[in-house]
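Colleague: So here's final05.csv, just CSV, C-alpha atoms and all ligand atoms:
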```csv
chain,number,residue,atom,x,y,z
L,1,MET,CA,16.6,3.9,-4.9
L,2,SER,CA,13.2,4.0,-6.5
L,3,PHE,CA,11.2,0.8,-7.0
L,4,ILE,CA,9.5,-0.3,-10.3
L,5,PHE,CA,6.4,-2.5,-10.0
L,6,GLU,CA,6.5,-5.1,-12.7
L,7,LYS,CA,2.8,-5.4,-13.3
L,8,GLU,CA,2.6,-8.0,-16.0
L,9,GLU,CA,5.3,-10.2,-14.5
L,10,THR,CA,3.7,-10.1,-11.1
L,11,ILE,CA,0.3,-11.1,-12.4
L,12,ALA,CA,1.8,-13.9,-14.5
L,13,LEU,CA,3.6,-15.2,-11.5
L,14,LEU,CA,0.4,-15.0,-9.3
L,15,LYS,CA,-1.5,-17.0,-12.0
L,16,GLN,CA,1.2,-19.7,-11.9
L,17,LEU,CA,1.0,-19.8,-8.1
L,18,VAL,CA,-2.7,-20.1,-7.8
L,19,GLU,CA,-2.8,-22.9,-10.4
L,20,ILE,CA,-0.5,-25.1,-8.3
L,21,PRO,CA,-2.8,-27.0,-5.9
L,22,SER,CA,-1.6,-26.4,-2.3
L,23,PRO,CA,-4.2,-27.0,0.5
L,24,SER,CA,-2.5,-26.8,3.9
L,25,GLY,CA,-0.8,-30.2,4.5
L,26,TYR,CA,-0.3,-30.8,0.7
L,27,THR,CA,2.2,-28.2,-0.2
L,28,LYS,CA,5.3,-30.1,-1.4
L,29,GLU,CA,4.7,-29.2,-5.1
L,30,ILE,CA,4.3,-25.5,-4.5
L,31,MET,CA,7.2,-25.4,-2.1
L,32,ASP,CA,9.4,-27.2,-4.7
L,33,PHE,CA,8.3,-24.6,-7.2
L,34,MET,CA,9.2,-21.8,-4.7
L,35,GLU,CA,12.5,-23.4,-4.0
L,36,LYS,CA,13.4,-23.5,-7.7
L,37,ILE,CA,12.6,-19.8,-8.0
L,38,LEU,CA,14.8,-18.9,-5.0
L,39,ALA,CA,17.6,-21.1,-6.4
L,40,ASP,CA,17.3,-19.3,-9.8
L,41,LEU,CA,17.5,-15.9,-8.0
L,42,GLN,CA,20.7,-17.1,-6.3
L,43,VAL,CA,19.5,-16.3,-2.9
L,44,THR,CA,20.5,-18.4,0.1
L,45,TYR,CA,17.7,-20.3,1.7
L,46,GLN,CA,16.8,-23.2,4.0
L,47,ARG,CA,13.9,-25.6,4.1
L,48,THR,CA,12.4,-26.4,7.5
L,49,ASN,CA,11.2,-29.8,8.6
L,50,LYS,CA,7.6,-28.4,8.4
L,51,GLY,CA,8.3,-27.7,4.7
L,52,ALA,CA,8.6,-23.9,4.8
L,53,LEU,CA,11.4,-21.9,3.0
L,54,ILE,CA,13.4,-19.1,4.6
L,55,ALA,CA,15.4,-17.1,2.1
L,56,THR,CA,18.0,-14.7,3.6
L,57,ILE,CA,19.6,-11.6,2.1
L,58,THR,CA,22.5,-10.2,4.1
L,59,GLY,CA,22.3,-6.5,4.8
L,60,GLU,CA,24.8,-3.8,5.9
L,61,ASP,CA,23.9,-4.5,9.5
L,62,ASP,CA,24.0,-8.3,10.1
L,63,TYR,CA,23.5,-7.8,13.9
L,64,LYS,CA,19.8,-7.0,13.9
L,65,HIS,CA,17.5,-8.7,11.3
L,66,ARG,CA,14.0,-8.3,10.0
L,67,LEU,CA,11.6,-11.0,8.7
L,68,LEU,CA,8.7,-10.9,6.2
L,69,THR,CA,6.4,-13.8,5.7
L,70,ALA,CA,3.7,-14.8,3.3
L,71,HIS,CA,2.0,-18.2,3.0
L,72,THR,CA,1.5,-20.5,0.0
L,73,ASP,CA,-0.9,-22.9,1.7
L,74,THR,CA,-4.6,-22.5,0.8
L,75,LEU,CA,-8.0,-23.8,1.8
L,76,GLY,CA,-9.0,-27.2,0.5
L,77,ALA,CA,-10.5,-30.4,1.7
L,78,MET,CA,-9.8,-34.1,2.4
L,79,VAL,CA,-11.8,-37.2,1.6
L,80,LYS,CA,-13.6,-38.1,4.8
L,81,GLU,CA,-15.6,-41.0,3.5
L,82,VAL,CA,-16.2,-42.9,0.3
L,83,LYS,CA,-20.0,-43.1,0.2
L,84,SER,CA,-21.9,-46.2,-0.9
L,85,SER,CA,-23.0,-44.2,-4.0
L,86,GLY,CA,-19.3,-43.9,-5.0
L,87,ARG,CA,-19.4,-40.1,-4.2
L,88,LEU,CA,-17.2,-38.6,-1.6
L,89,LYS,CA,-17.8,-36.9,1.7
L,90,LEU,CA,-15.4,-34.2,2.6
L,91,THR,CA,-13.8,-32.6,5.6
L,92,MET,CA,-12.5,-29.0,5.4
L,93,VAL,CA,-8.9,-28.0,5.5
L,94,GLY,CA,-8.8,-24.4,6.8
L,95,GLY,CA,-11.9,-22.4,7.6
L,96,PHE,CA,-14.6,-21.5,5.0
L,97,ASN,CA,-18.3,-21.8,4.4
L,98,TRP,CA,-19.4,-24.8,2.3
L,99,ASN,CA,-21.5,-22.5,0.1
L,100,ALA,CA,-18.3,-20.8,-1.0
L,101,VAL,CA,-17.3,-24.0,-2.9
L,102,GLU,CA,-20.7,-25.3,-3.9
L,103,GLY,CA,-20.6,-26.0,-7.6
L,104,GLU,CA,-16.8,-25.7,-7.8
L,105,TYR,CA,-14.7,-28.1,-9.9
L,106,CYS,CA,-12.1,-29.9,-7.9
L,107,THR,CA,-9.2,-32.4,-8.1
L,108,ILE,CA,-8.8,-35.4,-6.0
L,109,HIS,CA,-5.1,-36.2,-5.3
L,110,THR,CA,-4.7,-39.9,-4.8
L,111,ALA,CA,-1.9,-41.5,-2.8
L,112,ASP,CA,-0.4,-43.0,-6.0
L,113,GLY,CA,-0.1,-39.6,-7.6
L,114,LYS,CA,-3.2,-39.6,-9.8
L,115,ARG,CA,-5.4,-36.5,-10.2
L,116,ILE,CA,-9.0,-37.3,-10.6
L,117,ARG,CA,-11.5,-34.6,-11.4
L,118,GLY,CA,-14.8,-33.9,-9.7
L,119,THR,CA,-17.4,-31.3,-8.8
L,120,ILE,CA,-18.4,-30.2,-5.3
L,121,LEU,CA,-22.2,-30.3,-5.1
L,122,MET,CA,-25.1,-30.5,-2.7
L,123,HIS,CA,-26.4,-34.1,-2.7
L,124,GLN,CA,-29.8,-32.7,-3.4
L,125,THR,CA,-28.8,-30.5,-6.4
L,126,THR,CA,-31.1,-31.7,-9.2
L,127,VAL,CA,-34.2,-29.4,-9.0
L,128,HIS,CA,-36.3,-31.9,-10.9
L,129,VAL,CA,-35.9,-34.4,-8.1
L,130,TYR,CA,-35.3,-32.5,-4.9
L,131,LYS,CA,-37.9,-29.9,-4.2
L,132,ASN,CA,-36.7,-27.8,-1.2
L,133,ALA,CA,-33.0,-28.1,-1.7
L,134,SER,CA,-32.4,-24.3,-1.5
L,135,GLY,CA,-33.3,-24.3,2.2
L,136,LEU,CA,-31.1,-27.2,3.2
L,137,PRO,CA,-27.9,-26.6,5.2
L,138,ARG,CA,-24.7,-26.5,3.3
L,139,ASP,CA,-22.7,-28.8,5.5
L,140,GLU,CA,-20.5,-32.0,5.6
L,141,ASN,CA,-23.6,-34.2,5.4
L,142,ASN,CA,-25.2,-32.6,2.3
L,143,ILE,CA,-22.1,-31.5,0.4
L,144,GLU,CA,-20.3,-34.2,-1.6
L,145,VAL,CA,-18.0,-34.7,-4.5
L,146,ARG,CA,-19.4,-36.1,-7.8
L,147,VAL,CA,-16.4,-38.0,-9.2
L,148,ASP,CA,-15.9,-37.6,-13.0
L,149,GLU,CA,-15.4,-41.3,-13.6
L,150,LYS,CA,-17.9,-44.1,-14.3
L,151,VAL,CA,-18.5,-45.1,-10.7
L,152,THR,CA,-21.7,-46.1,-9.0
L,153,ASN,CA,-20.5,-47.6,-5.7
L,154,ALA,CA,-17.7,-47.3,-3.1
L,155,LYS,CA,-15.9,-50.3,-4.5
L,156,GLU,CA,-15.6,-48.8,-7.9
L,157,THR,CA,-14.4,-45.4,-6.5
L,158,ARG,CA,-11.8,-47.2,-4.4
L,159,LYS,CA,-10.6,-49.0,-7.5
L,160,LEU,CA,-9.6,-45.7,-8.9
L,161,GLY,CA,-7.2,-45.3,-6.0
L,162,ILE,CA,-9.4,-42.8,-4.1
L,163,GLU,CA,-9.2,-43.3,-0.3
L,164,VAL,CA,-10.0,-41.6,2.9
L,165,GLY,CA,-7.3,-39.0,3.6
L,166,ASP,CA,-6.8,-38.0,-0.1
L,167,PHE,CA,-6.5,-34.2,-0.5
L,168,VAL,CA,-9.0,-32.3,-2.6
L,169,SER,CA,-8.1,-29.0,-4.2
L,170,PHE,CA,-10.5,-26.4,-5.6
L,171,ASP,CA,-10.1,-24.9,-9.0
L,172,PRO,CA,-8.8,-21.3,-8.8
L,173,ARG,CA,-10.6,-20.0,-11.9
L,174,PHE,CA,-8.0,-17.2,-12.3
L,175,GLU,CA,-9.2,-14.3,-14.4
L,176,GLU,CA,-7.6,-10.9,-15.1
L,177,THR,CA,-10.1,-8.3,-16.4
L,178,GLU,CA,-9.3,-5.4,-18.6
L,179,SER,CA,-10.4,-3.1,-15.8
L,180,GLY,CA,-7.5,-4.4,-13.7
L,181,PHE,CA,-9.3,-6.8,-11.4
L,182,ILE,CA,-7.8,-10.2,-10.6
L,183,LYS,CA,-10.4,-12.8,-9.7
L,184,SER,CA,-9.3,-16.1,-8.3
L,185,ARG,CA,-9.4,-18.4,-5.4
L,186,HIS,CA,-6.3,-18.5,-3.2
L,187,LEU,CA,-5.3,-14.8,-3.7
L,188,ASP,CA,-5.0,-15.3,0.1
L,189,ASP,CA,-2.1,-15.5,0.3
L,190,LYS,CA,-0.6,-16.2,-3.0
L,191,ALA,CA,-0.9,-12.5,-4.0
L,192,SER,CA,1.5,-11.6,-1.1
L,193,THR,CA,3.7,-14.6,-2.0
L,194,ALA,CA,4.1,-13.3,-5.6
L,195,LEU,CA,4.9,-9.8,-4.2
L,196,LEU,CA,7.6,-11.2,-1.9
L,197,LEU,CA,9.2,-13.2,-4.7
L,198,GLN,CA,9.1,-10.2,-7.0
L,199,LEU,CA,10.7,-8.1,-4.2
L,200,ILE,CA,13.5,-10.6,-3.8
L,201,LYS,CA,14.0,-10.6,-7.6
L,202,TYR,CA,14.2,-6.8,-7.6
L,203,ILE,CA,16.8,-6.8,-4.8
L,204,GLN,CA,18.9,-9.4,-6.4
L,205,GLU,CA,18.8,-8.1,-10.0
L,206,ASN,CA,19.4,-4.5,-9.0
L,207,LYS,CA,22.0,-5.4,-6.4
L,208,VAL,CA,20.1,-3.4,-3.7
L,209,THR,CA,22.0,-3.2,-0.5
L,210,LEU,CA,19.5,-3.6,2.4
L,211,PRO,CA,20.2,-1.8,5.6
L,212,ASN,CA,19.6,-5.0,7.7
L,213,THR,CA,19.8,-8.6,7.0
L,214,THR,CA,16.3,-9.6,5.9
L,215,HIS,CA,14.6,-13.0,5.9
L,216,PHE,CA,11.8,-13.9,3.6
L,217,TYR,CA,9.8,-16.7,5.1
L,218,ILE,CA,7.5,-18.6,2.8
L,219,SER,CA,5.2,-20.5,5.1
L,220,ASN,CA,3.0,-23.4,4.3
L,221,ASN,CA,0.7,-23.9,7.3
L,222,GLU,CA,-0.9,-20.5,7.9
L,223,GLU,CA,-4.5,-21.5,7.2
L,224,ILE,CA,-4.3,-24.1,10.0
L,225,GLY,CA,-2.7,-21.7,12.5
L,226,TYR,CA,1.0,-22.6,12.7
L,227,GLY,CA,2.7,-21.2,9.7
L,228,GLY,CA,5.7,-19.0,10.5
L,229,ASN,CA,5.9,-19.8,14.2
L,230,SER,CA,9.2,-21.7,14.2
L,231,ASN,CA,12.8,-21.4,12.9
L,232,ILE,CA,12.8,-17.6,13.4
L,233,PRO,CA,16.5,-16.5,13.6
L,234,GLU,CA,17.3,-15.1,17.0
L,235,GLN,CA,18.6,-11.9,15.5
L,236,VAL,CA,15.1,-11.0,14.2
L,237,THR,CA,13.6,-8.0,16.0
L,238,GLU,CA,10.8,-7.2,13.6
L,239,TYR,CA,8.4,-9.7,12.0
L,240,ILE,CA,6.0,-8.7,9.3
L,241,ALA,CA,3.2,-10.9,8.1
L,242,VAL,CA,2.3,-10.0,4.5
L,243,ASP,CA,-1.3,-11.2,4.2
L,244,MET,CA,-4.7,-10.1,2.9
L,245,GLY,CA,-6.7,-7.1,4.1
L,246,ALA,CA,-10.2,-7.9,5.0
L,247,ILE,CA,-13.0,-6.1,3.1
L,248,GLY,CA,-16.7,-5.8,4.2
L,249,ASP,CA,-19.2,-3.7,6.1
L,250,GLY,CA,-17.5,-1.3,8.4
L,251,GLN,CA,-14.0,-2.1,7.1
L,252,ALA,CA,-11.6,0.5,5.9
L,253,SER,CA,-9.8,-1.8,3.5
L,254,ASP,CA,-10.5,-1.8,-0.2
L,255,GLU,CA,-9.1,-3.4,-3.4
L,256,TYR,CA,-7.0,-0.4,-4.4
L,257,THR,CA,-4.8,0.3,-1.5
L,258,VAL,CA,-2.4,-1.5,0.9
L,259,SER,CA,-4.2,-2.5,4.1
L,260,ILE,CA,-2.2,-2.1,7.4
L,261,CYS,CA,-3.8,-4.0,10.3
L,262,ALA,CA,-3.8,-2.3,13.7
L,263,LYS,CA,-5.6,-5.2,15.5
L,264,ASP,CA,-7.2,-8.5,14.7
L,265,SER,CA,-8.7,-11.4,16.8
L,266,SER,CA,-5.2,-12.0,18.2
L,267,GLY,CA,-5.1,-8.5,19.7
L,268,PRO,CA,-3.3,-5.3,18.7
L,269,TYR,CA,-0.2,-5.5,16.5
L,270,HIS,CA,3.0,-3.8,17.8
L,271,TYR,CA,1.8,-0.2,18.0
L,272,GLU,CA,5.1,1.6,17.2
L,273,LEU,CA,5.9,-0.7,14.3
L,274,THR,CA,2.4,-0.2,12.9
L,275,ARG,CA,2.9,3.6,13.2
L,276,GLN,CA,6.2,3.2,11.4
L,277,LEU,CA,4.5,1.5,8.5
L,278,VAL,CA,1.9,4.3,8.3
L,279,ASP,CA,4.7,6.9,8.4
L,280,LEU,CA,6.5,5.1,5.6
L,281,ALA,CA,3.3,4.9,3.5
L,282,LYS,CA,2.7,8.7,4.0
L,283,HIS,CA,6.3,9.6,3.2
L,284,GLU,CA,6.4,7.5,0.0
L,285,ASN,CA,2.9,8.6,-1.2
L,286,ILE,CA,1.6,5.1,-0.9
L,287,ASP,CA,-2.2,4.7,-0.8
L,288,TYR,CA,-2.9,2.8,2.4
L,289,LYS,CA,-5.8,2.0,4.8
L,290,LEU,CA,-5.4,1.4,8.5
L,291,ASP,CA,-7.9,-1.2,9.5
L,292,ILE,CA,-9.1,-3.8,12.1
L,293,TYR,CA,-9.9,-7.3,11.1
L,294,PRO,CA,-12.7,-8.8,13.2
L,295,HIS,CA,-12.1,-12.6,12.5
L,296,TYR,CA,-8.5,-13.0,11.7
L,297,GLY,CA,-5.1,-14.2,12.9
L,298,SER,CA,-1.8,-14.2,11.0
L,299,ASP,CA,1.5,-15.9,11.1
L,300,ALA,CA,2.8,-12.9,13.0
L,301,SER,CA,0.4,-13.5,15.8
L,302,ALA,CA,1.2,-17.3,15.6
L,303,ALA,CA,4.9,-16.4,16.1
L,304,ILE,CA,4.0,-14.2,19.1
L,305,ARG,CA,1.9,-17.0,20.6
L,306,ALA,CA,4.8,-19.4,20.1
L,307,GLY,CA,6.9,-17.2,22.4
L,308,PHE,CA,9.1,-15.3,20.0
L,309,ASP,CA,10.3,-11.9,21.3
L,310,VAL,CA,9.7,-9.8,18.1
L,311,LYS,CA,7.8,-6.7,17.2
L,312,HIS,CA,5.0,-7.8,14.9
L,313,ALA,CA,2.9,-6.1,12.2
L,314,LEU,CA,0.6,-7.1,9.4
L,315,PHE,CA,-0.1,-5.6,6.0
L,316,GLY,CA,-1.1,-6.7,2.6
L,317,PRO,CA,-3.4,-6.3,-0.4
L,318,GLY,CA,-7.1,-5.9,0.1
L,319,ILE,CA,-8.9,-9.1,-0.8
L,320,GLU,CA,-12.7,-9.0,-1.4
L,321,ALA,CA,-14.8,-12.1,-0.6
L,322,SER,CA,-12.0,-13.9,1.3
L,323,HIS,CA,-12.0,-17.6,1.6
L,324,ALA,CA,-14.5,-17.7,-1.3
L,325,TYR,CA,-14.0,-16.7,-5.0
L,326,GLU,CA,-11.7,-13.8,-4.1
L,327,ARG,CA,-10.9,-10.6,-6.0
L,328,THR,CA,-8.4,-7.8,-5.8
L,329,HIS,CA,-7.2,-5.0,-8.1
L,330,VAL,CA,-3.8,-4.6,-9.5
L,331,GLU,CA,-3.6,-1.2,-7.7
L,332,SER,CA,-3.7,-2.9,-4.4
L,333,LEU,CA,-0.8,-5.2,-5.4
L,334,GLU,CA,1.2,-2.2,-6.6
L,335,GLN,CA,0.7,-0.2,-3.3
L,336,THR,CA,1.6,-3.3,-1.3
L,337,ALA,CA,4.7,-3.8,-3.4
L,338,LYS,CA,5.8,-0.2,-2.8
L,339,LEU,CA,5.3,-0.5,1.0
L,340,LEU,CA,7.3,-3.7,1.0
L,341,PHE,CA,10.2,-2.0,-0.7
L,342,ALA,CA,10.0,1.0,1.5
L,343,TYR,CA,9.9,-1.2,4.6
L,344,VAL,CA,12.9,-3.4,3.7
L,345,ASN,CA,14.9,-0.2,3.1
L,346,SER,CA,13.9,1.5,6.3
L,347,LYS,CA,15.6,1.7,9.6
L,348,LEU,CA,14.6,-0.8,12.2
L,349,LEU,CA,12.8,0.6,15.2
P,1,ZN,ZN,-3.9,-15.6,4.6
```
What is this structure when it is put down as structure tokens?
Ligand SMILES: [Zn+2]

Modeller:
Amino acid sequence: MSFIFEKEETIALLKQLVEIPSPSGYTKEIMDFMEKILADLQVTYQRTNKGALIATITGEDDYKHRLLTAHTDTLGAMVKEVKSSGRLKLTMVGGFNWNAVEGEYCTIHTADGKRIRGTILMHQTTVHVYKNASGLPRDENNIEVRVDEKVTNAKETRKLGIEVGDFVSFDPRFEETESGFIKSRHLDDKASTALLLQLIKYIQENKVTLPNTTHFYISNNEEIGYGGNSNIPEQVTEYIAVDMGAIGDGQASDEYTVSICAKDSSGPYHYELTRQLVDLAKHENIDYKLDIYPHYGSDASAAIRAGFDVKHALFGPGIEASHAYERTHVESLEQTAKLLFAYVNSKLL
């Protein structure tokens, strides 16, 4: 059966996903949204104690299973301190550079459910006052949130309901260009999440019979290292993390192909399974790049570390400027979608 990539639908879904705030640890809203989609697609699923979702489609062979995962959690921050000025000191959730969010609009999520707007700035931003601000380190001490409310001290800020431990999410600033680029924060890994949901939808609507029972694991703790590393059914023999390809100097990955990872910081991925993915890509005329990611770990490597006896592999769309204001091209989404479809219809090793 041939696969049709629903471009407009996929991009519209991706836009919806990036616009739901979901820093690691604050993922209930996005996971409720995901659950609703899975329920509408009439696929069976379970929700784990950690808040992840595992959807399962029974295949011809229900003895050996495969699993694919993508994560909905993103980078974000938490209020570390309410400063005497009424502004907020932040602590990072996930790993990024402060300069990647400097100037970004943000939302503070208070315990009583309010959403208060703000901007992430260097304390010494005003050029007419601070002379040598460009050389100052972008760090927890200099970066702060300017709250968009009439506050001048800690007491007034606290009165708004803002407290230490409140989550702070960054605006995604989603944009689709006529040239086919998608620019947004959180394409890691909501681009892959959108592709997995679209794949489930295609399978359900076209009544595709899969060769093996297949689990779709929507994880919500990847950016902090322990996403899909529990609740893996014991029949699973192959575990695929669908996550971003890393682009930069010396990298093979780009924004137009699907990136297959041979090795990252966690070590080599399962060699034969990785070769199988390359063979599938060649056979199906899918544009791919085989690559090595220097500073990277995935939910597949987290599962291996947690002690699961699975063959693991990693592939996904190429994402430029990761953990900052990211970008990819619709061609990369399409090639990834094609490899996903080819893989779930292939024989297990
Ligand atoms: Zn990721």

Colleague: Could you state the separation of atom CA of L:Ala191 and atom CA of L:Lys15 in Å, given to one decimal place?

Modeller: 9.2 Å

Colleague: Which of these, L:Asn99, L:Thr69, L:Thr328, L:Ser24, has the shortest distance to L:Glu175 once you count all atoms listed in the file?

Modeller: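 Answer, going by the shortest atom-to-atom distance: L:Thr328.
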
Colleague: Taking into account only C-alpha atoms and all ligand atoms, which residue in the set L:Gln235, L:Gln335, L:Thr44, L:Asn221 is nearest to ligand ZN 1 (chain P)?

Modeller: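 So, comparing all the options, the nearest one is L:Asn221.
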
Colleague: For L:Ala70, work out the shell of residues within 8 Å, counting only C-alpha atoms and skipping chain neighbours fewer than 4 positions away, then give it as a ChimeraX atom specification.

Modeller: /L:189-190,192-193,196,217-219,241-243

Colleague: Using Å and a single decimal, report how far atom CA of L:Val344 sits from atom CA of L:Ile247.

Modeller: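 These atoms are spaced 26.0 Å apart.
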
Colleague: Could you tell me how far atom CA of L:Gly59 sits from atom CA of L:Ile304, in Å to one decimal place?

Modeller: 24.5 Å

Colleague: Hey, which of L:Ser2, L:Asn142, L:Ser259, L:Ser332 ends up closest to L:Gly180? Count all atoms listed in the file.

Modeller: L:Ser332

Colleague: Which residues of chain L sit at most 7 Å from ligand ZN 1 (chain P), using only C-alpha atoms and all ligand atoms? Give each one's shortest atom pair and distance in Å (one decimal place), in chain and ascending residue order, as CSV.

Modeller:
```
residue,atom,partner,partner_atom,distance
L:His71,CA,P:ZN1,ZN,6.6
L:Asp188,CA,P:ZN1,ZN,4.6
L:Asp189,CA,P:ZN1,ZN,4.7
L:Glu222,CA,P:ZN1,ZN,6.6
L:Glu223,CA,P:ZN1,ZN,6.5
L:Asp243,CA,P:ZN1,ZN,5.1
L:Met244,CA,P:ZN1,ZN,5.8
L:Ser298,CA,P:ZN1,ZN,6.9
```

Colleague: Can I get the selected residues back with C-alpha atoms, as a PDB file, in the frame of the given file?

Modeller:
```
ATOM      1  CA  HIS L  71       2.000 -18.200   3.000  1.00  0.00           C
ATOM      2  CA  ASP L 188      -5.000 -15.300   0.100  1.00  0.00           C
ATOM      3  CA  ASP L 189      -2.100 -15.500   0.300  1.00  0.00           C
ATOM      4  CA  GLU L 222      -0.900 -20.500   7.900  1.00  0.00           C
ATOM      5  CA  GLU L 223      -4.500 -21.500   7.200  1.00  0.00           C
ATOM      6  CA  ASP L 243      -1.300 -11.200   4.200  1.00  0.00           C
ATOM      7  CA  MET L 244      -4.700 -10.100   2.900  1.00  0.00           C
ATOM      8  CA  SER L 298      -1.800 -14.200  11.000  1.00  0.00           C
TER       9      SER L 298
END
```

Colleague: Need to verify the contact set: L:Lys28, 12 Å, all atoms listed in the file, exclusion of same-chain residues closer than 2 positions in sequence. Can you return it as a CSV table (one decimal) with C-alpha atoms, in the coordinates of the input?

Modeller:
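And here is the file that came out, selection_18.csv:
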```csv
chain,number,residue,atom,x,y,z
L,20,ILE,CA,-0.5,-25.1,-8.3
L,21,PRO,CA,-2.8,-27.0,-5.9
L,22,SER,CA,-1.6,-26.4,-2.3
L,23,PRO,CA,-4.2,-27.0,0.5
L,24,SER,CA,-2.5,-26.8,3.9
L,25,GLY,CA,-0.8,-30.2,4.5
L,26,TYR,CA,-0.3,-30.8,0.7
L,30,ILE,CA,4.3,-25.5,-4.5
L,31,MET,CA,7.2,-25.4,-2.1
L,32,ASP,CA,9.4,-27.2,-4.7
L,33,PHE,CA,8.3,-24.6,-7.2
L,34,MET,CA,9.2,-21.8,-4.7
L,35,GLU,CA,12.5,-23.4,-4.0
L,47,ARG,CA,13.9,-25.6,4.1
L,48,THR,CA,12.4,-26.4,7.5
L,49,ASN,CA,11.2,-29.8,8.6
L,50,LYS,CA,7.6,-28.4,8.4
L,51,GLY,CA,8.3,-27.7,4.7
L,52,ALA,CA,8.6,-23.9,4.8
L,53,LEU,CA,11.4,-21.9,3.0
L,72,THR,CA,1.5,-20.5,0.0
L,73,ASP,CA,-0.9,-22.9,1.7
L,219,SER,CA,5.2,-20.5,5.1
L,220,ASN,CA,3.0,-23.4,4.3
L,221,ASN,CA,0.7,-23.9,7.3
```

Colleague: May I ask which of the residues L:Gly76, L:Glu234, L:Ile224, L:Ile260 is the closest one to L:Gly297, counting only C-alpha atoms?

Modeller: L:Ile224

Colleague: If we count all atoms listed in the file and set the cut-off at 12 Å, which residues sit around L:Gly267, ignoring sequence neighbours fewer than 5 positions away in its own chain? Please answer as a PyMOL selection string.

Modeller: chain L and resi 261-262+292-298+300-302+304-305+312-314

Colleague: Which residue, L:Thr110, L:Gln198, L:Gln46, L:Ser266, has the smallest gap to L:Lys159 when you use all atoms listed in the file?

Modeller: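 For L:Lys159, the nearest of the candidates is L:Thr110.
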
Colleague: Could you give me, as number ranges by chain, the residues within 12 Å of L:Lys80, counting only C-alpha atoms and dropping anything in the same chain fewer than 2 positions from it?

Modeller: L: 77-78, 82-83, 87-93, 140-141, 143-145, 162-168

Colleague: I need the residue nearest L:Ile11 from this list: L:Asn285, L:Thr27, L:Thr177, L:Asn229. Use only C-alpha atoms for the distance.

Modeller: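 Smallest distance to L:Ile11 is found for L:Thr177.
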
Colleague: Skip L:Ile4 itself and residues of its chain fewer than 3 positions away, then list as a list of chain:residue names all residues within 9 Å of it, counting all atoms listed in the file.

Modeller: L:Lys7, L:Tyr202, L:Lys338

Colleague: Show me as a list of chain:residue names the residues that reach within 9 Å of (-5.8, -6.1, -0.7), counting only C-alpha atoms and using the file's own coordinates.

Modeller: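 Taken together, the residues in range are L:Ala191, L:Asp243, L:Met244, L:Gly245, L:Ala246, L:Ile247, L:Ser253, L:Asp254, L:Glu255, L:Tyr256, L:Thr257, L:Val258, L:Ser259, L:Phe315, L:Gly316, L:Pro317, L:Gly318, L:Ile319, L:Glu320, L:Arg327, L:Thr328, L:His329, L:Glu331, L:Ser332, L:Leu333, L:Thr336.
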
Colleague: Around the point (17.4, -18.5, -5.1), in the coordinates given by the file, pick out the residues reaching within 10 Å, counting only C-alpha atoms, and return them as a list in words.

Modeller: Met34, Glu35, Lys36, Ile37, Leu38, Ala39, Asp40, Leu41, Gln42, Val43, Thr44, Tyr45, Ala55, Thr56, Leu197, Ile200, Lys201 and Gln204 of chain L

Colleague: Could those residues be written to a file, using C-alpha atoms, as a compact mmCIF listing (two decimals), in the coordinates of the input?

Modeller:
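Wrote selection32.txt, looks like this:
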```
# COMPACT_ATOMS: atom_id res chain seq x y z
CA MET L 34 9.20 -21.80 -4.70
CA GLU L 35 12.50 -23.40 -4.00
CA LYS L 36 13.40 -23.50 -7.70
CA ILE L 37 12.60 -19.80 -8.00
CA LEU L 38 14.80 -18.90 -5.00
CA ALA L 39 17.60 -21.10 -6.40
CA ASP L 40 17.30 -19.30 -9.80
CA LEU L 41 17.50 -15.90 -8.00
CA GLN L 42 20.70 -17.10 -6.30
CA VAL L 43 19.50 -16.30 -2.90
CA THR L 44 20.50 -18.40 0.10
CA TYR L 45 17.70 -20.30 1.70
CA ALA L 55 15.40 -17.10 2.10
CA THR L 56 18.00 -14.70 3.60
CA LEU L 197 9.20 -13.20 -4.70
CA ILE L 200 13.50 -10.60 -3.80
CA LYS L 201 14.00 -10.60 -7.60
CA GLN L 204 18.90 -9.40 -6.40
```

Colleague: Reconstruct N, CA and C atoms of stretch 184-190 of chain L; output as a PDB file, keeping the file's coordinate frame.

Modeller:
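Saved to rebuild_19.pdb:
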```pdb
ATOM      1  N   SER L 184      -9.808 -14.774  -8.457  1.00  0.00           N
ATOM      2  CA  SER L 184      -9.300 -16.100  -8.300  1.00  0.00           C
ATOM      3  C   SER L 184      -9.488 -16.608  -6.909  1.00  0.00           C
ATOM      4  N   ARG L 185      -9.581 -17.909  -6.739  1.00  0.00           N
ATOM      5  CA  ARG L 185      -9.400 -18.400  -5.400  1.00  0.00           C
ATOM      6  C   ARG L 185      -7.940 -18.317  -5.026  1.00  0.00           C
ATOM      7  N   HIS L 186      -7.701 -18.369  -3.736  1.00  0.00           N
ATOM      8  CA  HIS L 186      -6.300 -18.500  -3.200  1.00  0.00           C
ATOM      9  C   HIS L 186      -5.476 -17.215  -3.389  1.00  0.00           C
ATOM     10  N   LEU L 187      -6.118 -16.070  -3.664  1.00  0.00           N
ATOM     11  CA  LEU L 187      -5.300 -14.800  -3.700  1.00  0.00           C
ATOM     12  C   LEU L 187      -4.760 -14.633  -2.258  1.00  0.00           C
ATOM     13  N   ASP L 188      -5.483 -15.112  -1.269  1.00  0.00           N
ATOM     14  CA  ASP L 188      -5.000 -15.300   0.100  1.00  0.00           C
ATOM     15  C   ASP L 188      -4.221 -16.570   0.152  1.00  0.00           C
ATOM     16  N   ASP L 189      -2.916 -16.625   0.215  1.00  0.00           N
ATOM     17  CA  ASP L 189      -2.100 -15.500   0.300  1.00  0.00           C
ATOM     18  C   ASP L 189      -1.060 -15.463  -0.794  1.00  0.00           C
ATOM     19  N   LYS L 190      -1.508 -16.054  -1.926  1.00  0.00           N
ATOM     20  CA  LYS L 190      -0.600 -16.200  -3.000  1.00  0.00           C
ATOM     21  C   LYS L 190      -0.285 -14.813  -3.677  1.00  0.00           C
TER      22      LYS L 190
END
```
